Amino acid sequence: MENLSSIDATIPFRQRELLSLLSTGQRMDGRKLDEYRQVEVVHSIYEKPEGSAVAKIGNTQAIAGVKVELGEPFPDTPNDGVLTVNLELLPHASPSFEPGPPDESAIEMSRIIDRGLRESKSISYDKLCVIPGQKVWIVYVDINAMDHDGNIVDTAGLAALAAVSHSTLPETRVEDSKVITLEERKPVPLTQLPVPVTVAKIGEYLLVDPSLYEETLSDVKVTMTTIESGVVASIQKSGSGTLDVDEVMKIYDLCYQKGNELREHVKSSRNGGGKH
Amino acid sequence: MENLSSIDATIPFRQRELLSLLSTGQRMDGRKLDEYRQVEVVHSIYEKPEGSAVAKIGNTQAIAGVKVELGEPFPDTPNDGVLTVNLELLPHASPSFEPGPPDESAIEMSRIIDRGLRESKSISYDKLCVIPGQKVWIVYVDINAMDHDGNIVDTAGLAALAAVSHSTLPETRVEDSKVITLEERKPVPLTQLPVPVTVAKIGEYLLVDPSLYEETLSDVKVTMTTIESGVVASIQKSGSGTLDVDEVMKIYDLCYQKGNELREHVKSSRNGGGKH
Amino acid sequence: MENLSSIDATIPFRQRELLSLLSTGQRMDGRKLDEYRQVEVVHSIYEKPEGSAVAKIGNTQAIAGVKVELGEPFPDTPNDGVLTVNLELLPHASPSFEPGPPDESAIEMSRIIDRGLRESKSISYDKLCVIPGQKVWIVYVDINAMDHDGNIVDTAGLAALAAVSHSTLPETRVEDSKVITLEERKPVPLTQLPVPVTVAKIGEYLLVDPSLYEETLSDVKVTMTTIESGVVASIQKSGSGTLDVDEVMKIYDLCYQKGNELREHVKSSRNGGGKH
Amino acid sequence: MSSQILLSPDGIRTDGRRIDEMRKVKMEVGLLKNCSGSAYIEQGKTKIIVAVHGPREAHPKYLALPHRAVLRTRYHMAPFSTSERKSPAPSRREIELTKVIREALEPAVLLEEFPKTVIDVFIEVLQADAGTRSAGVTAASLALAEAGIPMRDLVTAVAVGKLEGKVVLDLNEEEDEHGQADMPVAMMPNINKITLLQLNGRLTGEELKEGLEVARKGISQLYQMQKQALTMRYSATVQQEEE
Amino acid sequence: MSSQILLSPDGIRTDGRRIDEMRKVKMEVGLLKNCSGSAYIEQGKTKIIVAVHGPREAHPKYLALPHRAVLRTRYHMAPFSTSERKSPAPSRREIELTKVIREALEPAVLLEEFPKTVIDVFIEVLQADAGTRSAGVTAASLALAEAGIPMRDLVTAVAVGKLEGKVVLDLNEEEDEHGQADMPVAMMPNINKITLLQLNGRLTGEELKEGLEVARKGISQLYQMQKQALTMRYSATVQQEEE
Amino acid sequence: MSSQILLSPDGIRTDGRRIDEMRKVKMEVGLLKNCSGSAYIEQGKTKIIVAVHGPREAHPKYLALPHRAVLRTRYHMAPFSTSERKSPAPSRREIELTKVIREALEPAVLLEEFPKTVIDVFIEVLQADAGTRSAGVTAASLALAEAGIPMRDLVTAVAVGKLEGKVVLDLNEEEDEHGQADMPVAMMPNINKITLLQLNGRLTGEELKEGLEVARKGISQLYQMQKQALTMRYSATVQQEEE
């Protein structure tokens with residue numbers, strides 16, 4: 001993608017045009033600079049996974065499914081469950097996505113979402129332990145980016161969070177060092193709602209929730225994952241542009257403020273009628 | 001292969017020529033439409049595997065070897081042994097075969113043969129169980145396509161069946177939950193002889209055992225694996241042509257009838273002098 | 001590399017030039033035919049691995065690190081530890097090295113060094129056994145070729161040997177079939193110093209320690225790994241040239257004689273100040 | 001395992017269906033915005049989304065054919081679509097189905113109208129409850145239609161199976177696992193041509209014939225739904241444009 | 001686990017450093033002989049070697065861009081660099097850092113001066129004790145400089161962290177594992193532009209601001225050392241030529 | 001393990017052979033019909049089949065050389081060829097032997113007669129009982145000859161080993177596993193040139209020299225058999241044509 005856009009001769013022209021619009025506080029699709037496209041989150045859309053959700057931001061769409069399995073803990077955290085986040089950029093989502101193993105960008109985005117969930121300590125990993133040092137729950141969060149009109153990270157992050165927050169685990173009993181899975185279920189222990197918010201810089205302007213068109217004309221994006229208290233749990237600068245300290249702090253303010261909006265969308269998300 | 005043949009400008013001409021011959025009930029090599037090339041099967045050609053065989057149909061040749069190992073059953077069939085069929089299209093066999101991991105065609109052919117053995121329930125999987133839920137015999141059937149003059153599936157299927165039908169397993173005893181392998185051996189429990197038969201459709205004609213030349217001019221093949229009773233255990237339409245219901249039933253009749261011939265070849269196969 | 005050099009039209013000319021020089025007993029860099037470039041070995045350069053070393057021969061440089069892990073023995077040698085040697089040709093080392101999995105040449109060189117250590121029986125594998133049939137030490141020798149001006153094998157072999165010869169293992173105690181790792185450490189049990197020596201043949205001349213320039217003009221190299229007693233533990237002819245029996249015996253003499261020099265370099269190697 | 005009764009003596013299946021009754025089916029065309037065409041299908045709990053990109057330039061170029069388009073497919077299962085989490089890497093089964101599905105669609109698509117191009121059909125199984133390859137084919141031909149790619153006919157598919165010795169239509173997962181046969185069939189319904197045919201299981205010659213007939217009936221029903229879904233999409237588009 | 005005290009009440013860390021004190025740093029330029037440029041850095045026990053090849057012809061050619069050079073990077077850890085042996089195959093973490101580091105260097109390199117070429121930057125972590133990506137960036141810009149590739153400014157990087165609620169400079173491995181945050185920052189120091197910014201952990205807005213300030217101070221120190229290392233290399237070259 | 005006696009005091013090996021006695025060898029040329037040339041060899045229980053394709057156009061084209069053919073080889077073991085089932089993916093050992101065998105054949109083949117082409121030599125081990133690389137080389141040069149590719153000489157190979165301190169010819173698997181050395185040697189027998197030489201094990205200088213001599217004698221015997229196999233193939237062809 002980087003290569004293709006670099007040789008697109010219309011970019012400088014389109015960039016000038018966009019900058020002149022941005023200078024009036026407007027964007028191509030009529031939004032203000034700090035305005036998200038329409039956000040929609042539906043949870044529990046499938047019966048088979050332990051949790052699932054679809055999130056849409058404008059014409060960008062991602063689906064997340066949560067599966068849990070009993071497995072071994074990592075040797076250095078014997079009393080903690082394990083979280084695994086994987087994002088696939090489905091070839092459905094864009095003519096520029098190829099099928100095949102995740103590329104550099106997909107891996108980066110997976111890891112941004114993973115770190116947001118992990119570093120915010122939102123999941124009580126100790127409650128995922130069944131037999132210390134031996135059996136813990138492994139929580140797989142698999143996300144499919146289905147439709148790409150910009151800002152996959154926030155969309156995928158929303159879907160992941162909504163899916164996890166409506167996931168349940170079977171209760172267990174241990175007998176003779178064997179784990180017995182019971183009928184009753186309990187929620188995956190989630191204590192906070194970490195949401196990633198992405199800000200693109202174009203010229204000197206900072207835009208939240210960049211569209212695909214805006215992403216093409218931007219040379220640096222920052223994603224910050226915040227929680228309710230304003231703590232930032234993960235930052236990722238992406239793209240080969242630069243930032244100064246003031247810009248980082250402005251971005252932080254935007255991410256926290258917009259993060260609160262997105263958290264409301266997760267809280268008020270509709271039940272899709274699948275298992276919850 | 002598909003790409004190459006598609007741009008071969010001589011195909012329409014050769015196809016017309018072949019069709020006019022077929023209309024007289026004849027094939028290029030003098031065979032009738034429902035006639036196999038010469039079939040030869042020799043079993044027990046190697047000393048090291050638990051079973052082995054070579055099959056030739058005309059100038060097409062395949063070798064199969066059977067190895068068994070103790071391993072774990074699948075969780076959903078704790079009392080059953082495991083069958084694994086793998087076909088390699090050796091670069092020996094054809095100038096158009098490349099070394100490397102199996103491609104789409106090789107995988108399809110492996111799975112056709114695998115399904116024929118598996119779905120016909122010809123192997124008594126329960127008799128491959130040593131300790132229920134813990135130790136079962138895993139039967140590896142590895143097939144090398146060595147020489148390719150058309151109809152690899154039937155040739156490979158014959159070799160696989162002859163190898164399995166002359167394979168033996170060690171008797172075992174279980175002591176303190178440990179498996180002890182004994183000197184005595186017993187046959188791999190095979191109750192029926194499922195053989196795949198392939199029919200190619202060229203124009204409106206149905207030909208059994210297509211040669212490589214005929215395969216190039218055919219746009220659809222069907223392989224059906226039948227057992228003695230006439231039950232069909234596996235069907236695969238392959239290629240981008242079409243069929244109607246009557247054709248499918250004619251193909252079924254051909255496959256069952258020719259299957260009976262091939263079963264005789266397996267039953268009367270010569271011992272190659274290796275371990276049997 | 002083979003392809004590139006084959007189409008370099010200057011090779012015949014440069015080869016004639018070099019041969020005329022060799023006929024006077026001289027090499028391009030002023031060395032005699034049986035003379036090594038400057039050799040330098042420093043061991044214990046890192047704190048984290050169980051052993052480490054850097055070796056330089058002229059402008060060729062390799063770094064080796066030794067890690068040990070408890071693991072399972074091979075079924076056919078239940079009372080022996082395991083040695084694993086892996087050489088990476090870092091892209092740092094040469095403009096012609098690509099990042100990625102080891103190619104044919106890297107694998108060959110790894111295996112030459114591996115066989116030298118293994119076949120000379122220099123490591124007492126039985127002393128790496130902790131619980132017979134269950135737990136043994138696995139010794140990983142990882143070598144990075146960092147700078148390539150010819151004769152990577154000897155340089156990497158020196159680094160590997162120096163790293164192993166200054167590696168230590170934790171003492172262990174077994175309690176209730178569990179291995180307890182103690183604070184005290186003991187050396188990896190190495191009884192001899194097997195060193196690979198490489199001789200290149202150019203025309204009829206035999207040159208030890210070929211430079212990159214000489215390697216380009218040579219069509220056959222031989223690496224022999226000898227130990228103190230003169231026993232040769234590993235031979236590898238490499239390249240598409242030929243040898244006669246007399247040449248092999250001359251090469252053996254060179255390898256043993258030069259091997260003794262290199263062994264002195266290992267014995268007198270400087271401590272780099274890391275853990276030893 | 002297979003001791004459970006999948007078909008009652010009066011011909012009722014575990015989910016209450018009769019032997020020739022399809023699961024509840026829902027089709028929707030055009031959900032995705034960043035592709036040439038898309039379609040979504042639910043057949044019972046099986047849920048699949050298909051996107052089409054193209055016709056477009058072949059990349060790498062040596063894939064292109066001078067006289068017709070190249071049809072590429074991918075059949076893929078989401079990691080969360082199955083009971084046990086599925087690795088995202090393609091399994092041998094997925095590779096085989098990719099080929100079989102491509103060969104089911106090829107006879108219908110007028111590839112010769114787009115020489116030197118590639119048409120990509122991506123089938124993602126979001127929830128798997130048997131019949132995924134047939135539902136994938138049914139949805140794929142809808143997505144091709146929405147992409148404006150001319151076809152001889154739609155391709156429509158369904159699986160038939162065998163329970164307690166009876167041929168039945170459209171297996172669900174439980175029936176597929178414990179039943180005696182599973183035979184997916186795809187057809188171009190208008191011209192009665194079979195484009196996909198597979199069988200795992202055990203059928204007599206008679207049952208094979210009956211199975212093909214049962215499949216044909218199921219395909220007729222699905223074909224009506226496909227046409228309806230396209231009409232709705234078309235009218236939706238018209239509506240949208242009028243707004 | 002994290003019950004151990006990483007910062008004493010009087011602000012002293014477990015290795016004796018103050019909160020704003022860098023580990024011992026050593027830089028050396030030009031150790032490797034068979035590349036365009038190279039640099040070695042030690043930051044505490046973290047040891048990294050970087051080599052640059054190029055500008056050179058792109059291979060395969062389709063990688064080339066008509067108007068500028070392509071910068072390629074590889075961040076890789078030696079199998080013996082970590083406490084547990086690391087498989088030599090690139091992990092997802094290494095793939096991500098490869099991208100992040102490339103984007104940290106790109107703004108500084110005058111890529112437009114070498115159209116149609118490739119510049120390769122290979123970063124090998126020989127011993128990992130936290131701060132490897134930032135030390136890698138610092139060394140990479142030295143190696144680029146030695147290779148004679150024109151840059152707007154050097155790129156200099158350091159990580160800041162949080163221990164017992166206090167923002168601290170340049171974490172070591174123990175602090176990284178048990179601390180509350182790790183934030184690597186790279187800048188072009190002369191023009192005060194951030195080219196790499198990541199955070200794992202938990203910072204308030206205030207702490208974020210303080211962290212960036214602490215990072216800037218550390219970067220200033222490292223920048224002086226970089227210039228010194230280049231000067232030494234340059235004088236070494238001069239000396240050698242005079243001999 | 002190695003406590004068992006592999007050589008009796010009167011010089012008889014566990015399979016009854018003397019120290020300089022080869023295993024039973026069978027060679028056959030031209031079994032496969034869809035390649036340019038083929039050969040089959042049995043040496044004891046070791047069984048190998050070799051096919052040659054070419055000279056043919058290089059594919060991909062960048063592999064081609066302007067002044068000579070490129071020789072490609074593959075040494076591969078069938079999954080059922082070994083005591084434990086072998087994964088079909090190439091092991092490091094197979095990759096090394098592929099190179100070593102290619103370099104054993106290259107000196108003999110007149111590659112310069114077929115510029116811009118590729119000659120492929122595929123070696124498949126069907127049953128492995130020691131000496132597979134040397135038997136593979138012996139068969140490969142027969143297959144090249146049948147393919148009509150001009151050679152300076154055939155290439156012929158055998159392994160020598162050391163049992164109870166004595167140099168012996170042509171190890172079998174038991175001897176290879178428990179013996180003290182294994183040295184495969186390939187030569188162009190007519191011109192006495194060594195084209196493959198490897199050693200695993202422990203030999204003194206004297207034993208090395210003796211080993212090469214023993215190998216040369218074994219190679220002479222095999223060379224006669226190679227010529228005979230080619231003659232038989234030739235006369236078989238003649239016969240067939242006369243029929």
# chains A, B, ... in the order shown; residues from 1 in each chain; ligands from 1
call {"tool": "residues_around", "arguments": {"residues": "Leu18 of chain B", "least_positions_apart": "2", "cutoff": "12 Å", "atoms": "only C-alpha atoms", "output": "NGL selection string"}}
result
:B and (11-16 or 20-29 or 202-205 or 207 or 213-218)
call {"tool": "write_last_selection", "arguments": {"atoms": "C-alpha atoms", "output": "CSV table (one decimal), in the first residue's frame"}}
result
chain,number,residue,atom,x,y,z
B,11,ILE,CA,-6.9,-28.2,-28.0
B,12,PRO,CA,-10.0,-27.5,-30.0
B,13,PHE,CA,-8.6,-29.2,-33.0
B,14,ARG,CA,-7.4,-32.3,-31.0
B,15,GLN,CA,-10.7,-32.3,-29.2
B,16,ARG,CA,-12.7,-32.5,-32.5
B,20,SER,CA,-14.9,-38.2,-34.0
B,21,LEU,CA,-12.9,-41.2,-33.0
B,22,LEU,CA,-15.0,-41.7,-29.8
B,23,SER,CA,-18.2,-41.6,-31.9
B,24,THR,CA,-16.9,-44.9,-33.4
B,25,GLY,CA,-16.5,-46.3,-29.9
B,26,GLN,CA,-12.7,-46.2,-30.2
B,27,ARG,CA,-9.9,-44.5,-28.2
B,28,MET,CA,-6.5,-43.3,-29.4
B,29,ASP,CA,-4.8,-46.3,-27.8
B,202,ILE,CA,-15.3,-35.7,-23.2
B,203,GLY,CA,-18.1,-34.1,-25.2
B,204,GLU,CA,-20.9,-36.4,-24.3
B,205,TYR,CA,-18.8,-39.5,-24.0
B,207,LEU,CA,-14.5,-42.9,-20.7
B,213,TYR,CA,-3.9,-37.2,-23.3
B,214,GLU,CA,-7.5,-37.7,-22.6
B,215,GLU,CA,-7.4,-35.8,-19.3
B,216,THR,CA,-6.0,-32.8,-21.2
B,217,LEU,CA,-9.1,-32.8,-23.5
B,218,SER,CA,-11.6,-33.5,-20.8
call {"tool": "select_by_dssp", "arguments": {"residues": "segment 13-223 of chain F", "states": "helix (DSSP H, G or I)", "output": "number ranges by chain"}}
result
F: 61-63, 92-105, 111-113, 132-146, 173-178, 189-191, 205-223
call {"tool": "interface_residues", "arguments": {"of": "chain A", "to": "chain E", "cutoff": "6 Å", "atoms": "only C-alpha atoms", "output": "ChimeraX atom specification"}}
result
/A:108,119,231-237,239-240,242-244
call {"tool": "residues_around", "arguments": {"residues": "Ile63 of chain C", "least_positions_apart": "4", "cutoff": "6 Å", "atoms": "only C-alpha atoms", "output": "list of chain:residue names"}}
result
C:Ala53, C:Val54, C:Ile143, C:Asn144, C:Ala159
call {"tool": "closest_residue", "arguments": {"among": "F:Glu164, F:Asn172, F:Pro60, F:Leu144", "to": "chain D", "atoms": "only C-alpha atoms"}}
result
F:Pro60
call {"tool": "residues_around", "arguments": {"residues": "Leu158 of chain C", "least_positions_apart": "4", "cutoff": "7 Å", "atoms": "only C-alpha atoms", "output": "PyMOL selection string"}}
result
chain C and resi 55+154+162+195
call {"tool": "write_last_selection", "arguments": {"atoms": "N, CA and C atoms", "output": "tab-separated table (two decimals), in the first residue's frame"}}
result
chain	number	residue	atom	x	y	z
C	55	ALA	N	34.93	-14.91	17.31
C	55	ALA	CA	36.18	-15.28	16.63
C	55	ALA	C	36.32	-14.42	15.39
C	154	ASP	N	35.51	-21.97	9.24
C	154	ASP	CA	36.54	-22.05	10.29
C	154	ASP	C	36.28	-21.02	11.38
C	162	ALA	N	35.10	-22.17	21.17
C	162	ALA	CA	35.48	-21.32	22.31
C	162	ALA	C	34.29	-21.08	23.23
C	195	VAL	N	38.70	-28.71	15.74
C	195	VAL	CA	38.58	-27.47	14.96
C	195	VAL	C	38.54	-27.79	13.47
call {"tool": "atom_distance", "arguments": {"atom1": "atom CA of Ile57 of chain C", "atom2": "atom CA of Glu40 of chain C"}}
result
6.6 Å
call {"tool": "atom_distance", "arguments": {"atom1": "atom CA of Leu193 of chain B", "atom2": "atom CA of His265 of chain B"}}
result
10.9 Å
call {"tool": "residues_around", "arguments": {"residues": "Pro187 of chain B", "least_positions_apart": "6", "cutoff": "9 Å", "atoms": "only C-alpha atoms", "output": "mmCIF file with N, CA, C and O atoms, in the first residue's frame"}}
result
data_model
loop_
_atom_site.group_PDB
_atom_site.id
_atom_site.type_symbol
_atom_site.label_atom_id
_atom_site.label_comp_id
_atom_site.auth_asym_id
_atom_site.auth_seq_id
_atom_site.Cartn_x
_atom_site.Cartn_y
_atom_site.Cartn_z
ATOM 1 N N VAL B 164 -2.422 -51.514 2.303
ATOM 2 C CA VAL B 164 -3.135 -51.671 3.575
ATOM 3 C C VAL B 164 -3.569 -53.117 3.747
ATOM 4 O O VAL B 164 -3.454 -53.692 4.834
ATOM 5 N N SER B 165 -4.049 -53.730 2.673
ATOM 6 C CA SER B 165 -4.623 -55.066 2.828
ATOM 7 C C SER B 165 -3.544 -56.110 3.121
ATOM 8 O O SER B 165 -3.865 -57.220 3.524
ATOM 9 N N HIS B 166 -2.291 -55.777 2.918
ATOM 10 C CA HIS B 166 -1.214 -56.693 3.289
ATOM 11 C C HIS B 166 -0.355 -56.147 4.420
ATOM 12 O O HIS B 166 0.786 -56.559 4.586
ATOM 13 N N SER B 167 -0.893 -55.215 5.190
ATOM 14 C CA SER B 167 -0.145 -54.652 6.319
ATOM 15 C C SER B 167 -0.425 -55.436 7.590
ATOM 16 O O SER B 167 -1.524 -55.970 7.758
ATOM 17 N N THR B 168 0.558 -55.440 8.457
ATOM 18 C CA THR B 168 0.362 -56.078 9.754
ATOM 19 C C THR B 168 0.758 -55.122 10.868
ATOM 20 O O THR B 168 1.534 -54.199 10.665
ATOM 21 N N LEU B 169 0.200 -55.399 12.032
ATOM 22 C CA LEU B 169 0.457 -54.616 13.239
ATOM 23 C C LEU B 169 1.034 -55.526 14.299
ATOM 24 O O LEU B 169 0.644 -56.693 14.377
ATOM 25 N N PRO B 170 1.877 -55.007 15.173
ATOM 26 C CA PRO B 170 2.304 -55.849 16.301
ATOM 27 C C PRO B 170 1.135 -56.073 17.275
ATOM 28 O O PRO B 170 0.330 -55.165 17.490
#
call {"tool": "closest_residue", "arguments": {"among": "C:Asp126, C:Glu47, C:Asp142, C:Glu35", "to": "Leu87 of chain C", "atoms": "only C-alpha atoms"}}
result
C:Asp142
call {"tool": "closest_residue", "arguments": {"among": "E:Asp129, E:Glu57, E:Glu28, E:Asp120", "to": "Glu175 of chain E", "atoms": "only C-alpha atoms"}}
result
E:Asp129
call {"tool": "residues_around", "arguments": {"residues": "Ala157 of chain D", "least_positions_apart": "6", "cutoff": "8 Å", "atoms": "only C-alpha atoms", "output": "list in words"}}
result
Ser134, Ala135, Val137, Thr138, Pro184, Val185, Ala186, Met187, Ile219 and Leu222 of chain D
call {"tool": "select_by_dssp", "arguments": {"residues": "segment 119-217 of chain F", "states": "strand (DSSP E)", "output": "VMD selection string"}}
result
chain F and resid 119 to 127 156 to 163 166 to 169 181 to 188 193 to 203
call {"tool": "residues_around", "arguments": {"residues": "Phe114 of chain F", "least_positions_apart": "2", "cutoff": "6 Å", "atoms": "only C-alpha atoms", "output": "short mmCIF file (atom, residue, chain, number, x, y, z; two decimals) with all heavy atoms, in the first residue's frame"}}
result
data_model
loop_
_atom_site.label_atom_id
_atom_site.label_comp_id
_atom_site.auth_asym_id
_atom_site.auth_seq_id
_atom_site.Cartn_x
_atom_site.Cartn_y
_atom_site.Cartn_z
N ARG F 68 25.82 -22.03 -19.96
CA ARG F 68 25.75 -23.46 -19.66
C ARG F 68 24.39 -23.81 -19.06
O ARG F 68 23.63 -22.92 -18.65
CB ARG F 68 26.87 -23.86 -18.70
CG ARG F 68 26.78 -23.23 -17.32
CD ARG F 68 27.79 -23.92 -16.39
NE ARG F 68 27.78 -23.39 -15.06
CZ ARG F 68 26.97 -23.80 -14.08
NH1 ARG F 68 26.07 -24.72 -14.31
NH2 ARG F 68 27.06 -23.29 -12.87
N ALA F 69 24.13 -25.09 -18.96
CA ALA F 69 22.91 -25.55 -18.30
C ALA F 69 23.07 -25.44 -16.78
O ALA F 69 24.19 -25.46 -16.25
CB ALA F 69 22.64 -27.00 -18.69
N LEU F 111 27.76 -29.50 -19.04
CA LEU F 111 26.69 -28.51 -18.91
C LEU F 111 26.77 -27.45 -20.00
O LEU F 111 25.76 -26.88 -20.43
CB LEU F 111 26.75 -27.85 -17.53
CG LEU F 111 26.45 -28.80 -16.37
CD1 LEU F 111 26.81 -28.13 -15.04
CD2 LEU F 111 24.99 -29.21 -16.37
N GLU F 112 28.01 -27.20 -20.48
CA GLU F 112 28.20 -26.12 -21.45
C GLU F 112 27.53 -26.44 -22.78
O GLU F 112 27.37 -25.56 -23.62
CB GLU F 112 29.69 -25.81 -21.61
CG GLU F 112 30.57 -26.99 -21.90
CD GLU F 112 30.96 -27.81 -20.65
OE1 GLU F 112 30.31 -27.65 -19.59
OE2 GLU F 112 31.91 -28.61 -20.75
N THR F 117 19.47 -23.76 -20.31
CA THR F 117 18.50 -24.79 -19.93
C THR F 117 18.71 -25.23 -18.48
O THR F 117 19.68 -24.83 -17.82
CB THR F 117 18.62 -26.04 -20.80
OG1 THR F 117 19.87 -26.68 -20.50
CG2 THR F 117 18.58 -25.69 -22.28
#
call {"tool": "atom_distance", "arguments": {"atom1": "atom CA of Lys24 of chain F", "atom2": "atom CA of Arg233 of chain F"}}
result
19.9 Å
call {"tool": "decode", "arguments": {"residues": "segment 47-59 of chain D", "atoms": "N, CA, C and O atoms", "output": "PDB file, in the first residue's frame"}}
result
ATOM      1  N   LYS D  47     -23.512 -19.523   8.920  1.00  0.00           N
ATOM      2  CA  LYS D  47     -23.526 -18.106   8.526  1.00  0.00           C
ATOM      3  C   LYS D  47     -22.271 -17.809   7.721  1.00  0.00           C
ATOM      4  O   LYS D  47     -21.156 -18.072   8.176  1.00  0.00           O
ATOM      5  N   ILE D  48     -22.460 -17.261   6.538  1.00  0.00           N
ATOM      6  CA  ILE D  48     -21.342 -17.088   5.598  1.00  0.00           C
ATOM      7  C   ILE D  48     -21.446 -15.736   4.924  1.00  0.00           C
ATOM      8  O   ILE D  48     -22.544 -15.295   4.574  1.00  0.00           O
ATOM      9  N   ILE D  49     -20.298 -15.108   4.724  1.00  0.00           N
ATOM     10  CA  ILE D  49     -20.289 -13.862   3.965  1.00  0.00           C
ATOM     11  C   ILE D  49     -19.306 -13.996   2.805  1.00  0.00           C
ATOM     12  O   ILE D  49     -18.204 -14.525   2.963  1.00  0.00           O
ATOM     13  N   VAL D  50     -19.737 -13.533   1.648  1.00  0.00           N
ATOM     14  CA  VAL D  50     -18.919 -13.661   0.439  1.00  0.00           C
ATOM     15  C   VAL D  50     -18.706 -12.284  -0.161  1.00  0.00           C
ATOM     16  O   VAL D  50     -19.635 -11.470  -0.211  1.00  0.00           O
ATOM     17  N   ALA D  51     -17.458 -12.027  -0.570  1.00  0.00           N
ATOM     18  CA  ALA D  51     -17.164 -10.784  -1.288  1.00  0.00           C
ATOM     19  C   ALA D  51     -16.520 -11.127  -2.618  1.00  0.00           C
ATOM     20  O   ALA D  51     -15.763 -12.088  -2.724  1.00  0.00           O
ATOM     21  N   VAL D  52     -16.829 -10.315  -3.615  1.00  0.00           N
ATOM     22  CA  VAL D  52     -16.204 -10.449  -4.938  1.00  0.00           C
ATOM     23  C   VAL D  52     -15.431  -9.178  -5.239  1.00  0.00           C
ATOM     24  O   VAL D  52     -15.936  -8.073  -4.996  1.00  0.00           O
ATOM     25  N   HIS D  53     -14.194  -9.350  -5.681  1.00  0.00           N
ATOM     26  CA  HIS D  53     -13.443  -8.213  -6.227  1.00  0.00           C
ATOM     27  C   HIS D  53     -13.168  -8.508  -7.690  1.00  0.00           C
ATOM     28  O   HIS D  53     -12.705  -9.587  -8.034  1.00  0.00           O
ATOM     29  N   GLY D  54     -13.419  -7.525  -8.546  1.00  0.00           N
ATOM     30  CA  GLY D  54     -13.075  -7.710  -9.939  1.00  0.00           C
ATOM     31  C   GLY D  54     -14.288  -7.617 -10.819  1.00  0.00           C
ATOM     32  O   GLY D  54     -15.376  -7.313 -10.326  1.00  0.00           O
ATOM     33  N   PRO D  55     -14.141  -7.852 -12.104  1.00  0.00           N
ATOM     34  CA  PRO D  55     -12.906  -8.186 -12.801  1.00  0.00           C
ATOM     35  C   PRO D  55     -11.859  -7.083 -12.607  1.00  0.00           C
ATOM     36  O   PRO D  55     -12.198  -5.909 -12.659  1.00  0.00           O
ATOM     37  N   ARG D  56     -10.613  -7.488 -12.377  1.00  0.00           N
ATOM     38  CA  ARG D  56      -9.531  -6.516 -12.191  1.00  0.00           C
ATOM     39  C   ARG D  56      -8.255  -7.077 -12.777  1.00  0.00           C
ATOM     40  O   ARG D  56      -8.179  -8.286 -13.050  1.00  0.00           O
ATOM     41  N   GLU D  57      -7.280  -6.194 -12.901  1.00  0.00           N
ATOM     42  CA  GLU D  57      -6.004  -6.595 -13.480  1.00  0.00           C
ATOM     43  C   GLU D  57      -5.377  -7.745 -12.683  1.00  0.00           C
ATOM     44  O   GLU D  57      -5.395  -7.731 -11.457  1.00  0.00           O
ATOM     45  N   ALA D  58      -4.833  -8.706 -13.376  1.00  0.00           N
ATOM     46  CA  ALA D  58      -4.155  -9.803 -12.694  1.00  0.00           C
ATOM     47  C   ALA D  58      -2.871  -9.291 -12.054  1.00  0.00           C
ATOM     48  O   ALA D  58      -2.172  -8.457 -12.621  1.00  0.00           O
ATOM     49  N   HIS D  59      -2.589  -9.812 -10.879  1.00  0.00           N
ATOM     50  CA  HIS D  59      -1.412  -9.340 -10.143  1.00  0.00           C
ATOM     51  C   HIS D  59      -0.914 -10.495  -9.296  1.00  0.00           C
ATOM     52  O   HIS D  59      -1.592 -10.843  -8.328  1.00  0.00           O
TER      53      HIS D  59
END
